[in-house]
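A.B. asks: Below is structure.cif; it holds mmCIF, C-alpha atoms.
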```
data_upload
loop_
_atom_site.label_atom_id
_atom_site.label_comp_id
_atom_site.auth_asym_id
_atom_site.auth_seq_id
_atom_site.Cartn_x
_atom_site.Cartn_y
_atom_site.Cartn_z
CA MET A 1 86.19 135.22 102.81
CA LYS A 2 88.60 132.70 101.21
CA ARG A 3 88.50 132.45 97.45
CA ALA A 4 87.58 129.07 95.97
CA LEU A 5 87.96 128.04 92.34
CA THR A 6 84.82 128.04 90.22
CA LYS A 7 83.49 125.08 88.23
CA GLU A 8 84.90 126.69 85.09
CA ASN A 9 88.36 126.95 86.70
CA ILE A 10 88.20 123.28 87.72
CA LYS A 11 87.08 122.28 84.23
CA PHE A 12 89.97 124.29 82.75
CA ILE A 13 92.52 122.44 84.89
CA GLU A 14 90.95 119.07 84.10
CA THR A 15 90.97 119.74 80.35
CA TYR A 16 94.60 120.77 80.60
CA LEU A 17 95.50 117.52 82.36
CA VAL A 18 93.58 115.42 79.83
CA ASN A 19 95.35 117.21 76.96
CA SER A 20 98.66 116.61 78.76
CA GLY A 21 98.08 112.85 78.68
CA VAL A 22 96.70 112.14 82.16
CA ARG A 23 94.26 109.50 80.88
CA TYR A 24 92.94 107.89 84.03
CA LEU A 25 90.25 109.66 86.00
CA ASP A 26 91.28 108.21 89.36
CA ILE A 27 94.79 109.64 88.92
CA ARG A 28 93.65 112.91 87.34
CA MET A 29 91.20 113.62 90.17
CA GLU A 30 93.97 113.73 92.75
CA MET A 31 96.30 115.81 90.59
CA LEU A 32 93.48 118.24 89.93
CA ASP A 33 92.76 118.69 93.64
CA HIS A 34 96.46 119.26 94.36
CA ILE A 35 96.82 121.88 91.64
CA ALA A 36 93.53 123.57 92.55
CA THR A 37 94.42 123.74 96.25
CA ASP A 38 97.79 125.30 95.50
CA ILE A 39 96.22 127.85 93.16
CA GLU A 40 93.58 128.71 95.77
CA ALA A 41 96.36 129.33 98.29
CA THR A 42 98.09 131.63 95.79
CA LEU A 43 94.89 133.52 94.97
CA ASN A 44 94.26 134.07 98.68
CA SER A 45 97.72 135.49 99.26
CA LYS A 46 98.28 137.63 96.15
CA ALA A 47 96.29 139.90 93.85
CA ILE A 48 96.59 137.68 90.79
CA SER A 49 94.20 136.17 88.25
CA PHE A 50 93.41 132.44 88.08
CA TYR A 51 95.17 132.06 84.71
CA ASP A 52 98.35 133.77 85.93
CA ALA A 53 98.37 131.63 89.07
CA PHE A 54 97.82 128.50 86.95
CA LYS A 55 100.63 129.42 84.54
CA ALA A 56 102.98 130.18 87.43
CA TYR A 57 102.22 126.78 89.01
CA MET A 58 102.71 124.84 85.78
CA VAL A 59 105.99 126.56 84.93
CA ILE A 60 107.48 125.12 88.12
CA HIS A 61 105.61 121.84 88.56
CA LYS A 62 104.38 120.53 85.21
CA LYS A 63 107.39 118.36 84.33
CA GLU A 64 107.47 116.53 87.63
CA LEU A 65 103.70 116.27 87.85
CA LEU A 66 103.41 114.51 84.51
CA GLU A 67 106.73 112.67 84.40
CA ASN A 68 105.78 109.47 86.23
CA ASN A 69 102.11 109.72 85.35
CA THR A 70 101.47 106.36 83.75
CA LYS A 71 104.23 103.90 84.59
CA LEU A 72 104.25 104.19 88.38
CA TYR A 73 100.49 104.36 88.67
CA ARG A 74 100.09 101.28 86.49
CA GLN A 75 102.47 99.37 88.76
CA VAL A 76 100.45 100.41 91.79
CA ALA A 77 97.18 99.49 90.00
CA ALA A 78 98.59 96.01 89.24
CA LYS A 79 99.58 95.63 92.88
CA LYS A 80 96.06 96.56 94.05
CA VAL A 81 94.48 94.06 91.66
CA PHE A 82 96.87 91.27 92.68
CA LYS A 83 96.34 91.89 96.41
CA ALA A 84 92.54 91.93 96.09
CA PHE A 85 92.62 88.82 93.89
CA LYS A 86 94.91 86.93 96.28
CA THR A 87 92.73 87.76 99.32
CA LYS A 88 89.57 86.49 97.63
CA PHE A 89 91.21 83.49 95.95
CA PHE A 90 92.28 81.94 99.26
CA SER A 91 88.94 82.31 100.97
CA PHE A 92 86.37 79.74 102.05
CA ALA A 93 83.85 81.10 99.53
CA ALA A 94 86.35 80.67 96.69
CA LEU A 95 87.07 77.10 97.83
CA SER A 96 83.33 76.41 97.76
CA VAL A 97 83.03 77.82 94.21
CA PHE A 98 86.00 75.71 93.14
CA GLY A 99 84.28 72.64 94.60
CA ILE A 100 81.02 73.44 92.79
CA LEU A 101 82.81 73.90 89.45
CA PHE A 102 84.75 70.66 89.85
CA PHE A 103 81.65 68.76 90.91
CA GLY A 104 79.68 70.24 88.01
CA LEU A 105 82.36 69.14 85.54
CA SER A 106 82.40 65.65 87.04
CA ILE A 107 78.62 65.42 86.53
CA LEU A 108 78.97 66.60 82.93
CA GLU A 109 81.69 64.01 82.34
CA LYS A 110 79.27 61.27 83.42
CA VAL A 111 76.19 62.42 81.49
CA LEU A 112 77.77 63.57 78.23
CA HIS A 113 79.33 61.50 75.49
CA ALA A 114 83.09 61.64 75.39
CA GLU A 115 83.22 63.93 72.33
CA GLN A 116 80.59 66.27 73.80
CA PHE A 117 82.50 66.53 77.07
CA LEU A 118 85.69 67.23 75.13
CA TRP A 119 83.86 70.02 73.29
CA VAL A 120 82.74 71.55 76.60
CA LEU A 121 86.28 71.42 77.97
CA GLU A 122 87.77 72.99 74.88
CA PHE A 123 85.29 75.60 73.72
CA PHE A 124 83.20 76.63 76.71
CA PRO A 125 86.01 78.70 78.34
CA SER A 126 86.39 80.69 75.12
CA LEU A 127 82.66 81.47 75.10
CA ILE A 128 82.72 82.60 78.72
CA ILE A 129 85.86 84.71 78.50
CA GLY A 130 84.80 86.16 75.15
CA GLY A 131 81.44 87.22 76.59
CA ALA A 132 83.10 88.61 79.74
CA MET A 133 85.57 90.63 77.67
CA VAL A 134 82.85 92.10 75.46
CA MET A 135 80.76 93.07 78.51
CA TYR A 136 83.84 94.47 80.19
CA ALA A 137 84.93 96.48 77.16
CA LEU A 138 81.44 97.93 76.74
CA SER A 139 81.05 98.88 80.38
CA PHE A 140 84.47 100.01 81.53
CA ARG A 141 84.42 103.36 79.90
CA SER A 142 82.00 105.51 81.75
CA ALA A 143 80.97 108.88 80.40
CA HIS A 144 83.44 110.42 82.83
CA GLY A 145 86.62 108.65 81.69
CA ARG A 146 88.95 105.73 82.25
CA TYR A 147 90.17 104.20 85.50
CA SER A 148 93.67 102.77 85.95
CA VAL A 149 92.80 99.81 88.20
CA TYR A 150 89.79 98.89 86.07
CA GLU A 151 91.91 98.71 82.94
CA THR A 152 94.51 96.62 84.72
CA LEU A 153 91.71 94.14 85.45
CA TYR A 154 90.89 94.15 81.72
CA LEU A 155 94.47 93.05 81.04
CA CYS A 156 93.95 90.20 83.51
CA PHE A 157 90.97 89.02 81.44
CA LEU A 158 93.23 88.94 78.38
CA VAL A 159 95.79 86.87 80.32
CA ALA A 160 93.02 84.48 81.46
CA HIS A 161 91.91 84.09 77.83
CA PHE A 162 95.49 83.39 76.75
CA ILE A 163 95.86 80.76 79.49
CA SER A 164 92.59 79.09 78.46
CA GLN A 165 93.82 78.84 74.87
CA MET A 166 97.16 77.41 76.03
CA PHE A 167 95.94 74.80 78.51
CA LEU A 168 92.42 73.96 77.41
CA HIS A 169 93.28 72.96 73.87
CA LYS A 170 92.11 69.54 72.58
CA LYS A 171 95.62 68.14 72.14
CA ILE A 172 96.65 69.17 75.62
CA ILE A 173 93.41 67.85 77.14
CA LEU A 174 93.93 64.47 75.48
CA ALA A 175 97.58 64.41 76.54
CA PHE A 176 96.44 64.20 80.16
CA GLY A 177 94.84 60.82 79.64
CA THR A 178 91.80 59.21 78.09
CA VAL A 179 88.60 61.10 77.54
CA HIS A 180 87.15 59.64 80.75
CA GLU A 181 90.07 60.46 83.03
CA PHE A 182 90.27 64.20 82.93
CA LEU A 183 91.13 64.78 86.56
CA VAL A 184 94.01 67.17 85.92
CA VAL A 185 92.07 69.04 83.24
CA LYS A 186 89.04 69.40 85.54
CA LEU A 187 91.31 70.81 88.24
CA ILE A 188 92.84 73.29 85.78
CA TRP A 189 89.42 74.24 84.38
CA SER A 190 87.93 74.71 87.86
CA THR A 191 90.88 76.93 88.90
CA TRP A 192 90.60 78.94 85.69
CA GLY A 193 86.81 79.25 86.05
CA LEU A 194 87.20 80.41 89.67
CA SER A 195 89.81 83.00 88.60
CA VAL A 196 87.54 84.43 85.89
CA LEU A 197 84.59 84.63 88.29
CA LEU A 198 86.77 86.43 90.86
CA LEU A 199 87.97 88.90 88.20
CA LEU A 200 84.35 89.59 87.22
CA LEU A 201 83.44 90.10 90.88
CA LEU A 202 86.38 92.50 91.37
CA ALA A 203 85.44 94.38 88.20
CA TYR A 204 81.83 94.75 89.39
CA LYS A 205 82.87 95.96 92.87
CA LEU A 206 85.37 98.43 91.40
CA LYS A 207 82.75 99.75 88.98
CA GLN A 208 80.37 100.37 91.90
CA GLN A 209 83.14 102.09 93.91
CA TYR A 210 84.16 104.33 91.04
CA LYS A 211 80.54 105.15 90.28
CA PHE A 212 80.07 106.27 93.86
CA ARG A 213 83.30 108.22 94.08
CA PHE A 214 83.52 109.92 90.70
CA GLU A 215 80.12 109.97 89.08
CA ASN A 216 77.90 111.35 91.87
CA MET B 1 112.06 116.91 98.17
CA LYS B 2 115.08 119.06 98.67
CA SER B 3 117.40 117.38 96.25
CA SER B 4 119.24 115.17 98.67
CA LYS B 5 119.33 111.41 98.52
CA LEU B 6 119.60 111.40 102.29
CA TYR B 7 115.94 112.39 102.52
CA LYS B 8 114.70 110.15 99.73
CA GLY B 9 114.57 106.94 101.75
CA SER B 10 112.68 108.64 104.60
CA LEU B 11 109.59 109.70 102.66
CA THR B 12 107.53 106.67 103.65
CA THR B 13 108.45 107.15 107.30
CA ILE B 14 107.57 110.85 107.12
CA ILE B 15 104.15 110.08 105.59
CA LEU B 16 103.37 107.36 108.11
CA LYS B 17 104.44 109.54 111.06
CA LEU B 18 102.26 112.46 109.96
CA LEU B 19 99.25 110.23 109.43
CA SER B 20 99.78 108.61 112.82
CA GLU B 21 99.43 112.10 114.36
CA HIS B 22 96.36 113.14 112.36
CA ASP B 23 93.03 111.47 111.78
CA LYS B 24 93.24 111.91 108.01
CA MET B 25 95.15 114.07 105.55
CA TYR B 26 95.16 114.77 101.81
CA GLY B 27 98.23 115.01 99.61
CA TYR B 28 98.63 118.77 99.43
CA GLU B 29 98.10 119.03 103.18
CA ILE B 30 100.96 116.56 103.76
CA THR B 31 103.36 118.62 101.61
CA GLN B 32 102.46 121.83 103.43
CA LYS B 33 102.74 120.23 106.87
CA VAL B 34 106.23 118.90 106.12
CA LYS B 35 107.27 122.30 104.76
CA ALA B 36 105.95 124.04 107.89
CA ILE B 37 107.54 121.59 110.37
CA THR B 38 110.94 121.82 108.69
CA ALA B 39 110.69 125.60 108.09
CA GLY B 40 110.99 125.07 104.34
CA GLU B 41 114.09 122.88 104.59
CA LEU B 42 112.25 119.84 103.28
CA GLN B 43 109.83 120.24 100.36
CA ILE B 44 108.11 117.10 99.13
CA THR B 45 107.17 117.26 95.45
CA GLU B 46 104.03 115.83 93.91
CA GLY B 47 106.10 113.45 91.79
CA ALA B 48 107.55 111.88 94.97
CA LEU B 49 104.53 112.06 97.25
CA TYR B 50 101.66 110.52 95.28
CA PRO B 51 103.42 107.36 94.10
CA SER B 52 104.44 106.76 97.74
CA LEU B 53 100.90 107.33 98.99
CA HIS B 54 99.43 105.00 96.38
CA LYS B 55 102.04 102.34 97.09
CA LEU B 56 101.21 102.47 100.81
CA GLU B 57 97.52 102.23 99.93
CA ALA B 58 98.14 99.22 97.65
CA GLU B 59 100.10 97.53 100.45
CA GLY B 60 97.20 97.99 102.86
CA HIS B 61 98.88 100.53 105.18
CA LEU B 62 96.49 103.32 104.23
CA GLU B 63 92.78 103.53 103.52
CA VAL B 64 91.08 106.33 101.63
CA GLU B 65 88.04 108.52 101.93
CA PHE B 66 86.59 110.77 99.25
CA VAL B 67 85.04 114.13 100.08
CA LYS B 68 83.49 116.76 97.81
CA VAL B 69 85.32 120.07 98.31
CA ASN B 70 84.98 123.29 96.32
CA ASN B 71 83.67 121.77 93.04
CA ARG B 72 86.03 118.78 93.08
CA THR B 73 86.69 115.48 94.84
CA ARG B 74 89.40 115.29 97.47
CA LYS B 75 91.07 112.04 98.48
CA TYR B 76 91.97 111.72 102.14
CA TYR B 77 94.36 109.13 103.50
CA LYS B 78 94.29 107.54 106.93
CA LEU B 79 96.27 104.77 108.58
CA THR B 80 94.88 101.27 108.82
CA GLU B 81 95.75 99.05 111.79
CA GLN B 82 98.45 97.51 109.67
CA GLY B 83 99.67 100.99 108.78
CA ALA B 84 99.83 102.06 112.43
CA LYS B 85 102.04 99.06 113.17
CA GLU B 86 104.18 99.83 110.14
CA ALA B 87 104.52 103.45 111.30
CA GLU B 88 105.81 102.28 114.70
CA ASP B 89 108.29 99.91 113.09
CA LYS B 90 109.55 102.52 110.65
CA LEU B 91 110.02 105.13 113.37
CA GLU B 92 111.94 102.66 115.52
CA ALA B 93 114.14 101.83 112.55
CA LEU B 94 114.74 105.53 111.87
CA LYS B 95 115.64 106.23 115.52
CA SER B 96 118.06 103.33 115.47
CA TYR B 97 119.60 104.64 112.25
CA MET B 98 120.00 108.10 113.71
CA GLU B 99 121.69 106.71 116.85
CA THR B 100 124.09 104.74 114.67
CA MET B 101 124.93 107.75 112.54
CA LYS B 102 125.34 109.91 115.64
CA ALA B 103 127.85 107.43 117.01
CA PHE B 104 129.65 107.54 113.68
CA LEU B 105 129.69 111.36 113.49
CA TYR B 106 130.68 111.86 117.12
CA PRO B 107 132.75 108.85 118.03
CA LYS B 108 133.94 108.38 121.59
CA PHE B 109 137.56 107.28 121.79
CA GLY B 110 139.55 105.59 124.53
CA LEU B 111 138.82 106.46 128.13
CA GLU B 112 136.41 109.40 127.51
#
```
Let me see whether you can do it: turn the structure in this file into structure tokens.
C.D. replies:
Amino acid sequence: MKRALTKENIKFIETYLVNSGVRYLDIRMEMLDHIATDIEATLNSKAISFYDAFKAYMVIHKKELLENNTKLYRQVAAKKVFKAFKTKFFSFAALSVFGILFFGLSILEKVLHAEQFLWVLEFFPSLIIGGAMVMYALSFRSAHGRYSVYETLYLCFLVAHFISQMFLHKKIILAFGTVHEFLVVKLIWSTWGLSVLLLLLLAYKLKQQYKFRFEN
Amino acid sequence: MKSSKLYKGSLTTIILKLLSEHDKMYGYEITQKVKAITAGELQITEGALYPSLHKLEAEGHLEVEFVKVNNRTRKYYKLTEQGAKEAEDKLEALKSYMETMKAFLYPKFGLE
């Protein structure tokens, strides 16, 4: 009968990887399986203990295994986020949401006083992105660890917040025309609002995926 | 990989070819298959393999499946439709490259 590693052996390898700086669970999971499979192959071909097999593996492979750990995986995570975002951004549903946001802003422009509408344009994005970031920060760390793609999304929220501060500032809003002619600002706000909603949707879907894959 | 820059550019093609011949494979399995096919001549390291696999996944050429195996989670890779097309293109490109290099290594002169 082929020897398989015990839960304690698996936990030992995982702890070693965590202590060696492999922070993200989605990356660590795959490394752990690779190491464990190699060790199992060794144990099934030689009379050797788990710890000796583990040491022998790490002596040869540790440097390469850990060398490109963060940088390359972060680049790949960014690529995944961008691809998913791009696919959803140029969809009919996204166009509909954009239309609803723009229409909603146009209604607000008509019913609110000029100063009130200006307040909405300037401060509302900060409230939304601030709330989204707090919710995101509270929820992204599960009891099991951190995920590389999820944290890349978190960086996107920070970028969205930065953009909102740059382009939805009172002086910039007024520079686009009078208080009642905010066409360009409404377009920018609607695009920004759509982007934040898409990021939230991606974050929720990722969370569900990771929950299913790693926490069951 | 055996430390030769000649092999370095072929890793993606090797991965795509193997996955085109198998329903799904996991990382360690890919390294062992390559080692077996080449009788140990070519050994793909973890540091080379996993970034390539993840890049192919991010580009949409591969999809993944997670399976519980022996107290841990294993990630399997399989080709998407896009990946199957990419595999064909890459193999064609590699064959063309090999023909070109063959002509260069064994040139035919004059009236032969």
A.B. asks: Would you mind listing what lies within 10 Å of B:Asp23 as a PyMOL selection string, with only C-alpha atoms counted and same-chain residues fewer than 5 positions away left out?
C.D. replies: chain B and resi 18+76-79
A.B. asks: What residues come out when you apply the PyMOL selection byres ((chain B) within 8 of (chain A)) to this file, written as a PyMOL selection string?
C.D. replies: chain B and resi 27-28+45-47+51+54-55+58-59+66+70-75
A.B. asks: Listing only residues of stretch 16-77 of chain B within 7 Å of stretch 83-107 of chain B, what is the closest atom pair and its distance in Å (to one decimal) for each, using only C-alpha atoms, sorted by chain and residue number ascending, as a Markdown table?
C.D. replies:
```
| residue | atom | partner | partner_atom | distance |
| --- | --- | --- | --- | --- |
| B:Leu16 | CA | B:Ala87 | CA | 5.2 |
| B:Lys17 | CA | B:Ala87 | CA | 6.1 |
| B:Ser20 | CA | B:Ala84 | CA | 6.6 |
| B:His61 | CA | B:Gly83 | CA | 3.7 |
| B:Leu62 | CA | B:Gly83 | CA | 6.0 |
```
A.B. asks: For the atom pair atom CA of A:Val120 and atom CA of A:Ala137, what is the interatomic distance in Å to one decimal place?
C.D. replies: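 Rounded to one decimal, the two atoms are 25.0 Å apart.
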A.B. asks: Take atom CA of A:Ile129 and atom CA of A:His161 and report the distance between them in Å, one decimal.
C.D. replies: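 Atom CA of A:Ile129 sits 6.1 Å away from atom CA of A:His161.
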A.B. asks: Can you sort out the box for stretch 4-22 of chain B, edges along x, y and z, all listed atoms in, 4 Å on every side, with centre and edge lengths in Å to one decimal, as AutoDock Vina command-line options?
C.D. replies:
```
--center_x 108.0 --center_y 110.9 --center_z 106.4 --size_x 31.2 --size_y 16.5 --size_z 23.8
```
A.B. asks: What is the atom CA of B:Glu65 to atom CA of B:Val34 distance in Å?
C.D. replies: 21.4 Å
A.B. asks: Can you translate the PyMOL selection byres ((chain A and resi 197) around 12) into the concrete residues it hits in this file, as a ChimeraX atom specification?
C.D. replies: /A:85,88-89,93-94,97-98,101,125,128-129,132,156-157,160,190-196,198-204
A.B. asks: Could you pull the residues within 7 Å of A:Tyr24, counting all atoms listed in the file, minus those fewer than 4 positions along the same chain, as a count of residues only?
C.D. replies: 5
A.B. asks: Provide stretch 7-26 of chain A rebuilt to N, CA, C and O atoms, formatted as an mmCIF file, keeping the file's coordinate frame.
C.D. replies:
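The resulting file, rebuild.cif, is reproduced below:
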```
data_model
loop_
_atom_site.group_PDB
_atom_site.id
_atom_site.type_symbol
_atom_site.label_atom_id
_atom_site.label_comp_id
_atom_site.auth_asym_id
_atom_site.auth_seq_id
_atom_site.Cartn_x
_atom_site.Cartn_y
_atom_site.Cartn_z
ATOM 1 N N LYS A 7 83.605 126.302 89.036
ATOM 2 C CA LYS A 7 83.490 125.080 88.230
ATOM 3 C C LYS A 7 84.242 125.230 86.921
ATOM 4 O O LYS A 7 84.842 124.273 86.419
ATOM 5 N N GLU A 8 84.207 126.450 86.374
ATOM 6 C CA GLU A 8 84.900 126.690 85.090
ATOM 7 C C GLU A 8 86.430 126.556 85.280
ATOM 8 O O GLU A 8 87.124 126.003 84.435
ATOM 9 N N ASN A 9 86.923 127.080 86.404
ATOM 10 C CA ASN A 9 88.360 126.950 86.700
ATOM 11 C C ASN A 9 88.750 125.472 86.809
ATOM 12 O O ASN A 9 89.775 125.050 86.275
ATOM 13 N N ILE A 10 87.922 124.710 87.524
ATOM 14 C CA ILE A 10 88.200 123.280 87.720
ATOM 15 C C ILE A 10 88.187 122.563 86.380
ATOM 16 O O ILE A 10 89.060 121.738 86.076
ATOM 17 N N LYS A 11 87.205 122.883 85.558
ATOM 18 C CA LYS A 11 87.080 122.280 84.230
ATOM 19 C C LYS A 11 88.305 122.625 83.373
ATOM 20 O O LYS A 11 88.817 121.778 82.633
ATOM 21 N N PHE A 12 88.790 123.852 83.502
ATOM 22 C CA PHE A 12 89.970 124.290 82.750
ATOM 23 C C PHE A 12 91.174 123.437 83.114
ATOM 24 O O PHE A 12 91.900 122.947 82.247
ATOM 25 N N ILE A 13 91.379 123.240 84.430
ATOM 26 C CA ILE A 13 92.520 122.440 84.890
ATOM 27 C C ILE A 13 92.391 120.995 84.408
ATOM 28 O O ILE A 13 93.351 120.376 83.948
ATOM 29 N N GLU A 14 91.166 120.460 84.506
ATOM 30 C CA GLU A 14 90.950 119.070 84.100
ATOM 31 C C GLU A 14 91.233 118.894 82.604
ATOM 32 O O GLU A 14 91.892 117.931 82.209
ATOM 33 N N THR A 15 90.743 119.821 81.803
ATOM 34 C CA THR A 15 90.970 119.740 80.350
ATOM 35 C C THR A 15 92.463 119.800 80.046
ATOM 36 O O THR A 15 92.976 119.064 79.202
ATOM 37 N N TYR A 16 93.166 120.652 80.779
ATOM 38 C CA TYR A 16 94.600 120.770 80.600
ATOM 39 C C TYR A 16 95.297 119.451 80.897
ATOM 40 O O TYR A 16 96.180 119.002 80.167
ATOM 41 N N LEU A 17 94.884 118.800 81.983
ATOM 42 C CA LEU A 17 95.500 117.520 82.360
ATOM 43 C C LEU A 17 95.191 116.430 81.332
ATOM 44 O O LEU A 17 96.059 115.630 80.988
ATOM 45 N N VAL A 18 93.951 116.412 80.855
ATOM 46 C CA VAL A 18 93.580 115.420 79.830
ATOM 47 C C VAL A 18 94.437 115.629 78.587
ATOM 48 O O VAL A 18 94.994 114.682 78.026
ATOM 49 N N ASN A 19 94.553 116.889 78.155
ATOM 50 C CA ASN A 19 95.350 117.210 76.960
ATOM 51 C C ASN A 19 96.847 116.942 77.178
ATOM 52 O O ASN A 19 97.601 116.783 76.219
ATOM 53 N N SER A 20 97.251 116.888 78.455
ATOM 54 C CA SER A 20 98.660 116.610 78.760
ATOM 55 C C SER A 20 98.923 115.115 78.922
ATOM 56 O O SER A 20 100.031 114.722 79.289
ATOM 57 N N GLY A 21 97.884 114.305 78.678
ATOM 58 C CA GLY A 21 98.080 112.850 78.680
ATOM 59 C C GLY A 21 97.748 112.131 79.969
ATOM 60 O O GLY A 21 98.076 110.958 80.124
ATOM 61 N N VAL A 22 97.097 112.814 80.917
ATOM 62 C CA VAL A 22 96.700 112.140 82.160
ATOM 63 C C VAL A 22 95.358 111.454 81.887
ATOM 64 O O VAL A 22 94.296 112.038 82.074
ATOM 65 N N ARG A 23 95.431 110.178 81.425
ATOM 66 C CA ARG A 23 94.260 109.500 80.880
ATOM 67 C C ARG A 23 93.270 109.027 81.938
ATOM 68 O O ARG A 23 92.072 109.004 81.716
ATOM 69 N N TYR A 24 93.802 108.579 83.063
ATOM 70 C CA TYR A 24 92.940 107.890 84.030
ATOM 71 C C TYR A 24 92.317 108.853 85.017
ATOM 72 O O TYR A 24 92.981 109.646 85.682
ATOM 73 N N LEU A 25 91.002 108.735 85.157
ATOM 74 C CA LEU A 25 90.250 109.660 86.000
ATOM 75 C C LEU A 25 90.665 109.568 87.457
ATOM 76 O O LEU A 25 90.756 110.590 88.146
ATOM 77 N N ASP A 26 90.927 108.354 87.943
ATOM 78 C CA ASP A 26 91.280 108.210 89.360
ATOM 79 C C ASP A 26 92.605 108.901 89.688
ATOM 80 O O ASP A 26 92.796 109.398 90.795
#
```
